[in-house]
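Notes to accompany the following structure.
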Amino acid sequence: MYNLIGAGLIVIGAGIGLGQIGGKAMEGIARQPEATGKIQTAMIIIAALLEGLAFGALFLGK
Amino acid sequence: MKIFQQSFKFLALVLFVVLPTSIFANDTKKEGGQVDTKEEVEAYILHHIQDSHDFSLFSYTNDAGERKHVGFPLPVILWTSEGLVTFMSSEFHHNDDGSVIVEKDGLKFAKIHSKIYELDKDASEVKFDEDHHATNGHKVLDFSITKSAFGILIIGLLMLFWFSKLARQYKKKQIPTGFGRVLEPLVLYVRDEIARPNIGEKHYRRFTGYLLTVFFFIWVLNLAGLTPLGFNVTGQLAVTACLAIFTLVIYTASGNKDYWMHILWMPGVPVLIRPVLAVIELAGALLIKPFSLLVRLFANISAGHIVVMSLIAIMFTLKDSLGVVGATGLSFVLSFFITLIEVLVAFLQAYIFTMLSALFIGMAVAEHEHH
């Protein structure tokens, strides 16, 4: 029961984080289209780190 | 701040909606005697996620009520109290609860939840305590060629074949033919977009081999996991942990003086903070980095498999409320699109693992300018 709520909280948090990353990256690309490649790489790395954290929390809380 | 307020409101709403339903969900009871589809689906998915000792493609119950399994057995290799024992996994007859006992070389073995136990000499059946642990047997060192090990061997041979063929083609002419044309841009991509910018012009050549191997290993095994053969190799903790340890060993062993300096005695910060930072940096370098690598790959691939199988199972679980055609149609559409996304995820996870490995190696070999 409680671990289900915890899992939900983790997913909500990760969702907010991913949304922020994606949105800000979009903004960055719109402002500076020539930096698209660099922004995408950084975005994927940060998204991967966030995802690792979220999965780690889910995995430990299971 | 605005996002915080909104997300708290959203959170409160979600809790409000979800709490009652999950309490109701606990109250649902099985109708007497009938097989609970939900439970059966859950058991099937868990069985798929785990590694197994035989390669089973599918199983069905025939008209006579017998359970038929289609697949082939794999060798079981055990290091027991009396040395090496080998037999084929077919001797367990697809039994997984310990009721079939195999006698070999005077020793008795039973398989319980995909773990093989060596039973005591005088045991005639497996006894369990209340936690469902076997009391009259103990686990043995299991070197069996399991389904995952078999998958790794097959994919390894396949990769050896593809890449040695590709390498041979370059001796004759500059442009590869056949399947090599698919592999060449990927090899160049890993070298020029992952290894070179992250590790640096000076050192990247040393590590490109490892990065290429790990990239193609993960990618091809992820794709093999999407075929109906039912491999779940990169969704095994043991496999991903092993890959993460490879990366850990490589970046720890190739770390230069500056790298260790920045971990153990960070320059440029007050002396009192340095020991605190050293603890954090050491934990980060030796535990958190490999842990995040292994959990990310494991969880992504396992979650993908669970989602695909749950969506396929919709045709059984929603048959009563949507009808056969409706449930099958819904299941087909959903699982089709999720499988397409999984193809993307298969590549993305291989890319991210390689990318982060390259990043960690790059941190370890980076040369700092001293002022």
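Each chain in the structure tokens gets a letter, A, B and so on, in the order shown; residues start at 1 in every chain, and ligands are counted from 1 in the order they appear.
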
Taking only C-alpha atoms into account, produce a table as a Markdown table in which each residue of range 5-26 of chain A with an atom at most 10 Å from an atom of range 38-53 of chain A appears once, together with its shortest atom pair and the distance in Å to one decimal, ordered by chain and rising number.
```
| residue | atom | partner | partner_atom | distance |
| --- | --- | --- | --- | --- |
| A:Ile10 | CA | A:Leu53 | CA | 9.3 |
| A:Val11 | CA | A:Glu51 | CA | 9.7 |
| A:Gly13 | CA | A:Leu50 | CA | 9.8 |
| A:Ala14 | CA | A:Leu50 | CA | 6.9 |
| A:Gly15 | CA | A:Glu51 | CA | 9.5 |
| A:Gly17 | CA | A:Leu50 | CA | 7.5 |
| A:Leu18 | CA | A:Ala47 | CA | 6.3 |
| A:Gly19 | CA | A:Ala47 | CA | 9.7 |
| A:Gln20 | CA | A:Ala47 | CA | 9.9 |
| A:Ile21 | CA | A:Met43 | CA | 6.5 |
| A:Gly22 | CA | A:Met43 | CA | 7.2 |
| A:Lys24 | CA | A:Met43 | CA | 9.1 |
| A:Ala25 | CA | A:Ile39 | CA | 6.4 |
| A:Met26 | CA | A:Ile39 | CA | 8.9 |
```

Please report, as CSV, each residue of chain B lying at most 7 Å from chain A, together with the nearest pair of atoms and the separation in Å rounded to one decimal; use only C-alpha atoms, and order rows by chain and ascending residue number.
```
residue,atom,partner,partner_atom,distance
B:Ser292,CA,A:Gly52,CA,5.2
B:Val295,CA,A:Gly56,CA,6.2
B:Arg296,CA,A:Gly52,CA,4.9
B:Ala299,CA,A:Phe55,CA,6.4
B:Ile352,CA,A:Ala48,CA,6.9
```

Once you have the residues from the selection above, write them out as a PDB file, in the first residue's frame, restricted to N, CA and C atoms.
```pdb
ATOM      1  N   SER B 292      23.877   3.215 -10.909  1.00  0.00           N
ATOM      2  CA  SER B 292      22.907   3.858 -11.794  1.00  0.00           C
ATOM      3  C   SER B 292      22.958   3.226 -13.176  1.00  0.00           C
ATOM      4  N   VAL B 295      21.148  -0.342 -12.806  1.00  0.00           N
ATOM      5  CA  VAL B 295      19.712  -0.301 -12.538  1.00  0.00           C
ATOM      6  C   VAL B 295      18.956   0.275 -13.718  1.00  0.00           C
ATOM      7  N   ARG B 296      19.541   1.272 -14.405  1.00  0.00           N
ATOM      8  CA  ARG B 296      18.824   1.891 -15.511  1.00  0.00           C
ATOM      9  C   ARG B 296      18.531   0.878 -16.613  1.00  0.00           C
ATOM     10  N   ALA B 299      16.109  -1.957 -15.287  1.00  0.00           N
ATOM     11  CA  ALA B 299      14.732  -1.536 -15.048  1.00  0.00           C
ATOM     12  C   ALA B 299      14.033  -1.166 -16.345  1.00  0.00           C
ATOM     13  N   ILE B 352      22.656   5.168 -24.261  1.00  0.00           N
ATOM     14  CA  ILE B 352      22.887   5.833 -22.979  1.00  0.00           C
ATOM     15  C   ILE B 352      23.955   5.095 -22.182  1.00  0.00           C
TER      16      ILE B 352
END
```

Please provide the set of residues having any atom within 12 Å of Cys242 in chain B, restricted to only C-alpha atoms, with same-chain residues fewer than 2 positions apart removed, written as a PyMOL selection string.
chain B and resi 214+233-234+236-240+244-249+290-291+293-295+297-298

Mind writing the picked residues with N, CA and C atoms as an mmCIF file, in the first residue's frame?
```
data_model
loop_
_atom_site.group_PDB
_atom_site.id
_atom_site.type_symbol
_atom_site.label_atom_id
_atom_site.label_comp_id
_atom_site.auth_asym_id
_atom_site.auth_seq_id
_atom_site.Cartn_x
_atom_site.Cartn_y
_atom_site.Cartn_z
ATOM 1 N N VAL B 214 30.283 -2.978 -26.084
ATOM 2 C CA VAL B 214 29.190 -2.857 -25.142
ATOM 3 C C VAL B 214 27.946 -2.309 -25.838
ATOM 4 N N VAL B 233 17.695 -10.946 -21.659
ATOM 5 C CA VAL B 233 19.064 -11.008 -21.152
ATOM 6 C C VAL B 233 19.468 -9.697 -20.495
ATOM 7 N N THR B 234 19.223 -8.564 -21.197
ATOM 8 C CA THR B 234 19.624 -7.281 -20.627
ATOM 9 C C THR B 234 18.666 -6.858 -19.519
ATOM 10 N N GLN B 236 18.290 -8.908 -16.987
ATOM 11 C CA GLN B 236 18.760 -9.695 -15.837
ATOM 12 C C GLN B 236 19.749 -8.844 -15.056
ATOM 13 N N LEU B 237 19.534 -8.764 -13.744
ATOM 14 C CA LEU B 237 20.441 -7.953 -12.918
ATOM 15 C C LEU B 237 21.880 -8.426 -13.039
ATOM 16 N N ALA B 238 22.084 -9.742 -13.123
ATOM 17 C CA ALA B 238 23.451 -10.267 -13.169
ATOM 18 C C ALA B 238 24.179 -9.750 -14.401
ATOM 19 N N VAL B 239 23.480 -9.717 -15.535
ATOM 20 C CA VAL B 239 24.116 -9.290 -16.785
ATOM 21 C C VAL B 239 24.450 -7.806 -16.737
ATOM 22 N N THR B 240 23.470 -6.983 -16.329
ATOM 23 C CA THR B 240 23.725 -5.544 -16.314
ATOM 24 C C THR B 240 24.764 -5.196 -15.253
ATOM 25 N N ALA B 244 28.200 -3.175 -15.867
ATOM 26 C CA ALA B 244 28.537 -1.985 -15.082
ATOM 27 C C ALA B 244 29.892 -2.162 -14.405
ATOM 28 N N ILE B 245 30.190 -3.391 -13.960
ATOM 29 C CA ILE B 245 31.481 -3.629 -13.305
ATOM 30 C C ILE B 245 32.612 -3.495 -14.317
ATOM 31 N N PHE B 246 32.386 -3.929 -15.560
ATOM 32 C CA PHE B 246 33.404 -3.725 -16.602
ATOM 33 C C PHE B 246 33.752 -2.240 -16.713
ATOM 34 N N THR B 247 32.684 -1.413 -16.816
ATOM 35 C CA THR B 247 32.916 0.027 -16.941
ATOM 36 C C THR B 247 33.634 0.557 -15.708
ATOM 37 N N LEU B 248 33.196 0.112 -14.529
ATOM 38 C CA LEU B 248 33.822 0.565 -13.277
ATOM 39 C C LEU B 248 35.309 0.245 -13.268
ATOM 40 N N VAL B 249 35.641 -1.002 -13.637
ATOM 41 C CA VAL B 249 37.049 -1.407 -13.618
ATOM 42 C C VAL B 249 37.840 -0.581 -14.613
ATOM 43 N N PRO B 290 28.312 3.050 -11.089
ATOM 44 C CA PRO B 290 27.956 1.734 -11.627
ATOM 45 C C PRO B 290 26.544 1.310 -11.259
ATOM 46 N N PHE B 291 26.077 1.702 -10.051
ATOM 47 C CA PHE B 291 24.725 1.302 -9.649
ATOM 48 C C PHE B 291 23.689 1.924 -10.574
ATOM 49 N N LEU B 293 24.158 2.848 -13.635
ATOM 50 C CA LEU B 293 24.258 2.183 -14.941
ATOM 51 C C LEU B 293 23.485 0.874 -14.949
ATOM 52 N N LEU B 294 23.697 0.062 -13.898
ATOM 53 C CA LEU B 294 23.108 -1.278 -13.928
ATOM 54 C C LEU B 294 21.617 -1.233 -13.710
ATOM 55 N N VAL B 295 21.148 -0.342 -12.806
ATOM 56 C CA VAL B 295 19.712 -0.301 -12.538
ATOM 57 C C VAL B 295 18.956 0.275 -13.718
ATOM 58 N N LEU B 297 19.572 0.156 -17.002
ATOM 59 C CA LEU B 297 19.386 -0.812 -18.090
ATOM 60 C C LEU B 297 18.416 -1.918 -17.680
ATOM 61 N N PHE B 298 18.662 -2.475 -16.480
ATOM 62 C CA PHE B 298 17.804 -3.562 -15.983
ATOM 63 C C PHE B 298 16.352 -3.123 -15.915
#
```

Residue neighbourhood range 309-319 of chain B, 9 Å, only C-alpha atoms, exclusion window fewer than 5 positions, as a list in words:
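Close residues of range 309-319 of chain B: Thr37, Lys38, Val41, Glu42, Ile45, Gly304, Val324, Val325, Gly326, Ala327, Thr328, Gly329, Leu330, Ser331, Phe332, Leu334, Ser335 and Ile338 of chain B.
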
List every residue of range 57-259 of chain B that DSSP, applied to the backbone of this structure, places in helix (DSSP H, G or I), and write the result as a VMD selection string.
chain B and resid 89 to 92 147 to 172 180 to 199 204 to 226 237 to 253 257 to 259

For the residues selected in the previous step, produce a file with C-alpha atoms as a PDB file, in the first residue's frame.
```pdb
ATOM      1  CA  SER B  89      17.228 -29.660 -17.946  1.00  0.00           C
ATOM      2  CA  SER B  90      14.555 -31.863 -19.564  1.00  0.00           C
ATOM      3  CA  GLU B  91      14.952 -34.247 -16.616  1.00  0.00           C
ATOM      4  CA  PHE B  92      13.022 -31.794 -14.459  1.00  0.00           C
ATOM      5  CA  LYS B 147      18.287 -19.256 -21.399  1.00  0.00           C
ATOM      6  CA  SER B 148      20.148 -15.966 -20.900  1.00  0.00           C
ATOM      7  CA  ALA B 149      23.576 -17.589 -21.125  1.00  0.00           C
ATOM      8  CA  PHE B 150      22.422 -19.337 -24.293  1.00  0.00           C
ATOM      9  CA  GLY B 151      21.225 -16.006 -25.674  1.00  0.00           C
ATOM     10  CA  ILE B 152      24.547 -14.342 -24.881  1.00  0.00           C
ATOM     11  CA  LEU B 153      26.450 -17.151 -26.624  1.00  0.00           C
ATOM     12  CA  ILE B 154      24.257 -17.022 -29.733  1.00  0.00           C
ATOM     13  CA  ILE B 155      24.381 -13.228 -30.000  1.00  0.00           C
ATOM     14  CA  GLY B 156      28.124 -13.271 -29.312  1.00  0.00           C
ATOM     15  CA  LEU B 157      28.724 -15.702 -32.166  1.00  0.00           C
ATOM     16  CA  LEU B 158      26.444 -13.667 -34.426  1.00  0.00           C
ATOM     17  CA  MET B 159      28.359 -10.472 -33.637  1.00  0.00           C
ATOM     18  CA  LEU B 160      31.682 -12.211 -34.156  1.00  0.00           C
ATOM     19  CA  PHE B 161      30.454 -13.340 -37.569  1.00  0.00           C
ATOM     20  CA  TRP B 162      29.095  -9.906 -38.577  1.00  0.00           C
ATOM     21  CA  PHE B 163      32.072  -7.877 -37.482  1.00  0.00           C
ATOM     22  CA  SER B 164      34.810 -10.201 -38.642  1.00  0.00           C
ATOM     23  CA  LYS B 165      33.101 -10.230 -42.034  1.00  0.00           C
ATOM     24  CA  LEU B 166      32.931  -6.426 -41.989  1.00  0.00           C
ATOM     25  CA  ALA B 167      36.615  -6.197 -41.035  1.00  0.00           C
ATOM     26  CA  ARG B 168      37.622  -8.595 -43.829  1.00  0.00           C
ATOM     27  CA  GLN B 169      35.723  -6.537 -46.394  1.00  0.00           C
ATOM     28  CA  TYR B 170      37.871  -3.477 -45.712  1.00  0.00           C
ATOM     29  CA  LYS B 171      40.953  -5.373 -46.887  1.00  0.00           C
ATOM     30  CA  LYS B 172      39.606  -5.588 -50.425  1.00  0.00           C
ATOM     31  CA  GLY B 180      28.113  -4.372 -43.264  1.00  0.00           C
ATOM     32  CA  ARG B 181      26.501  -1.278 -44.738  1.00  0.00           C
ATOM     33  CA  VAL B 182      24.110  -1.221 -41.793  1.00  0.00           C
ATOM     34  CA  LEU B 183      26.894  -1.713 -39.258  1.00  0.00           C
ATOM     35  CA  GLU B 184      29.430   0.756 -40.630  1.00  0.00           C
ATOM     36  CA  PRO B 185      27.497   3.966 -39.869  1.00  0.00           C
ATOM     37  CA  LEU B 186      26.739   2.692 -36.364  1.00  0.00           C
ATOM     38  CA  VAL B 187      30.398   1.927 -35.717  1.00  0.00           C
ATOM     39  CA  LEU B 188      31.344   5.389 -36.981  1.00  0.00           C
ATOM     40  CA  TYR B 189      28.566   6.928 -34.900  1.00  0.00           C
ATOM     41  CA  VAL B 190      29.844   5.316 -31.681  1.00  0.00           C
ATOM     42  CA  ARG B 191      33.391   6.359 -32.490  1.00  0.00           C
ATOM     43  CA  ASP B 192      32.760   9.919 -33.677  1.00  0.00           C
ATOM     44  CA  GLU B 193      29.726  10.963 -31.622  1.00  0.00           C
ATOM     45  CA  ILE B 194      30.208   9.038 -28.371  1.00  0.00           C
ATOM     46  CA  ALA B 195      33.864   8.133 -27.852  1.00  0.00           C
ATOM     47  CA  ARG B 196      35.668  11.083 -29.443  1.00  0.00           C
ATOM     48  CA  PRO B 197      33.819  14.060 -27.887  1.00  0.00           C
ATOM     49  CA  ASN B 198      33.496  12.510 -24.420  1.00  0.00           C
ATOM     50  CA  ILE B 199      36.911  10.944 -23.947  1.00  0.00           C
ATOM     51  CA  TYR B 204      39.649   7.832 -27.295  1.00  0.00           C
ATOM     52  CA  ARG B 205      41.288   5.139 -29.438  1.00  0.00           C
ATOM     53  CA  ARG B 206      42.129   2.982 -26.409  1.00  0.00           C
ATOM     54  CA  PHE B 207      38.493   2.779 -25.287  1.00  0.00           C
ATOM     55  CA  THR B 208      36.631   2.677 -28.606  1.00  0.00           C
ATOM     56  CA  GLY B 209      36.845  -1.131 -28.722  1.00  0.00           C
ATOM     57  CA  TYR B 210      35.157  -1.545 -25.372  1.00  0.00           C
ATOM     58  CA  LEU B 211      32.492   1.060 -26.145  1.00  0.00           C
ATOM     59  CA  LEU B 212      31.692  -0.544 -29.503  1.00  0.00           C
ATOM     60  CA  THR B 213      31.448  -4.003 -27.939  1.00  0.00           C
ATOM     61  CA  VAL B 214      29.190  -2.857 -25.142  1.00  0.00           C
ATOM     62  CA  PHE B 215      27.019  -0.806 -27.489  1.00  0.00           C
ATOM     63  CA  PHE B 216      26.368  -3.624 -29.956  1.00  0.00           C
ATOM     64  CA  PHE B 217      26.055  -6.244 -27.209  1.00  0.00           C
ATOM     65  CA  ILE B 218      23.309  -4.294 -25.444  1.00  0.00           C
ATOM     66  CA  TRP B 219      21.580  -3.184 -28.623  1.00  0.00           C
ATOM     67  CA  VAL B 220      21.428  -6.596 -30.298  1.00  0.00           C
ATOM     68  CA  LEU B 221      20.347  -8.314 -27.076  1.00  0.00           C
ATOM     69  CA  ASN B 222      17.656  -5.681 -26.506  1.00  0.00           C
ATOM     70  CA  LEU B 223      16.359  -6.311 -30.013  1.00  0.00           C
ATOM     71  CA  ALA B 224      16.530 -10.084 -29.459  1.00  0.00           C
ATOM     72  CA  GLY B 225      14.378  -9.520 -26.381  1.00  0.00           C
ATOM     73  CA  LEU B 226      11.635  -8.093 -28.611  1.00  0.00           C
ATOM     74  CA  LEU B 237      20.441  -7.953 -12.918  1.00  0.00           C
ATOM     75  CA  ALA B 238      23.451 -10.267 -13.169  1.00  0.00           C
ATOM     76  CA  VAL B 239      24.116  -9.290 -16.785  1.00  0.00           C
ATOM     77  CA  THR B 240      23.725  -5.544 -16.314  1.00  0.00           C
ATOM     78  CA  ALA B 241      25.750  -5.667 -13.079  1.00  0.00           C
ATOM     79  CA  CYS B 242      28.534  -7.411 -14.952  1.00  0.00           C
ATOM     80  CA  LEU B 243      28.519  -4.756 -17.691  1.00  0.00           C
ATOM     81  CA  ALA B 244      28.537  -1.985 -15.082  1.00  0.00           C
ATOM     82  CA  ILE B 245      31.481  -3.629 -13.305  1.00  0.00           C
ATOM     83  CA  PHE B 246      33.404  -3.725 -16.602  1.00  0.00           C
ATOM     84  CA  THR B 247      32.916   0.027 -16.941  1.00  0.00           C
ATOM     85  CA  LEU B 248      33.822   0.565 -13.277  1.00  0.00           C
ATOM     86  CA  VAL B 249      37.049  -1.407 -13.618  1.00  0.00           C
ATOM     87  CA  ILE B 250      38.000   0.370 -16.834  1.00  0.00           C
ATOM     88  CA  TYR B 251      37.533   3.913 -15.574  1.00  0.00           C
ATOM     89  CA  THR B 252      39.012   3.145 -12.166  1.00  0.00           C
ATOM     90  CA  ALA B 253      42.077   1.470 -13.640  1.00  0.00           C
ATOM     91  CA  LYS B 257      46.666  11.506 -11.108  1.00  0.00           C
ATOM     92  CA  ASP B 258      44.275  14.433 -11.548  1.00  0.00           C
ATOM     93  CA  TYR B 259      41.249  12.163 -11.333  1.00  0.00           C
TER      94      TYR B 259
END
```

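Note that CA of Gly98 in chain B and CA of Thr80 in chain B are 17.6 Å apart.
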
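Excluding range 53-63 of chain B and any residue on its chain fewer than 5 positions from it, the residues at most 8 Å away by only C-alpha atoms are B:Lys68, B:His69, B:Val70, B:Gly71, B:Phe72, B:Pro73, B:Leu74, B:Pro75, B:Val76, B:Ser89, B:Ser90, B:His94, B:Ser114, B:Ser144, B:Ile145, B:Thr146, B:Lys147, B:Pro228, B:Leu229, B:Gly230.
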
Write a file of the selected residues as a compact mmCIF listing (two decimals), in the first residue's frame, keeping N, CA and C atoms.
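The resulting file, selection-v6.txt, is shown below:
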```txt
# COMPACT_ATOMS: atom_id res chain seq x y z
N LYS B 68 1.42 -29.37 -22.65
CA LYS B 68 2.49 -29.63 -23.61
C LYS B 68 3.43 -28.43 -23.66
N HIS B 69 4.72 -28.69 -23.66
CA HIS B 69 5.70 -27.62 -23.75
C HIS B 69 6.46 -27.73 -25.06
N VAL B 70 6.59 -26.63 -25.77
CA VAL B 70 7.37 -26.62 -27.01
C VAL B 70 8.64 -25.81 -26.76
N GLY B 71 9.78 -26.43 -27.02
CA GLY B 71 11.04 -25.77 -26.77
C GLY B 71 12.13 -26.83 -26.73
N PHE B 72 13.30 -26.48 -26.23
CA PHE B 72 14.33 -27.50 -26.12
C PHE B 72 15.09 -27.34 -24.81
N PRO B 73 15.61 -28.47 -24.29
CA PRO B 73 16.31 -28.40 -23.00
C PRO B 73 17.72 -27.83 -23.16
N LEU B 74 18.25 -27.31 -22.08
CA LEU B 74 19.61 -26.77 -22.06
C LEU B 74 20.40 -27.50 -20.98
N PRO B 75 21.73 -27.55 -21.11
CA PRO B 75 22.50 -28.30 -20.12
C PRO B 75 22.51 -27.62 -18.75
N VAL B 76 22.40 -28.46 -17.72
CA VAL B 76 22.52 -27.98 -16.34
C VAL B 76 23.90 -28.39 -15.85
N SER B 89 18.30 -30.22 -18.76
CA SER B 89 17.23 -29.66 -17.95
C SER B 89 15.90 -30.35 -18.20
N SER B 90 15.82 -31.17 -19.29
CA SER B 90 14.55 -31.86 -19.56
C SER B 90 14.22 -32.88 -18.48
N HIS B 94 9.90 -29.71 -16.80
CA HIS B 94 9.28 -28.39 -16.67
C HIS B 94 8.68 -28.16 -15.30
N SER B 114 13.15 -21.79 -10.19
CA SER B 114 14.33 -21.62 -11.04
C SER B 114 15.65 -21.68 -10.29
N SER B 144 24.97 -23.44 -15.00
CA SER B 144 24.19 -23.94 -16.13
C SER B 144 24.18 -22.97 -17.29
N ILE B 145 24.06 -23.55 -18.50
CA ILE B 145 23.78 -22.72 -19.67
C ILE B 145 22.29 -22.43 -19.62
N THR B 146 21.93 -21.33 -18.97
CA THR B 146 20.51 -20.99 -18.88
C THR B 146 20.08 -20.31 -20.16
N LYS B 147 18.80 -19.91 -20.20
CA LYS B 147 18.29 -19.26 -21.40
C LYS B 147 19.08 -17.99 -21.72
N PRO B 228 9.82 -13.03 -30.58
CA PRO B 228 9.02 -13.99 -29.81
C PRO B 228 9.85 -15.09 -29.13
N LEU B 229 11.18 -15.09 -29.33
CA LEU B 229 11.99 -16.09 -28.65
C LEU B 229 11.96 -15.90 -27.14
N GLY B 230 11.70 -14.67 -26.71
CA GLY B 230 11.51 -14.43 -25.29
C GLY B 230 12.79 -14.33 -24.49
```
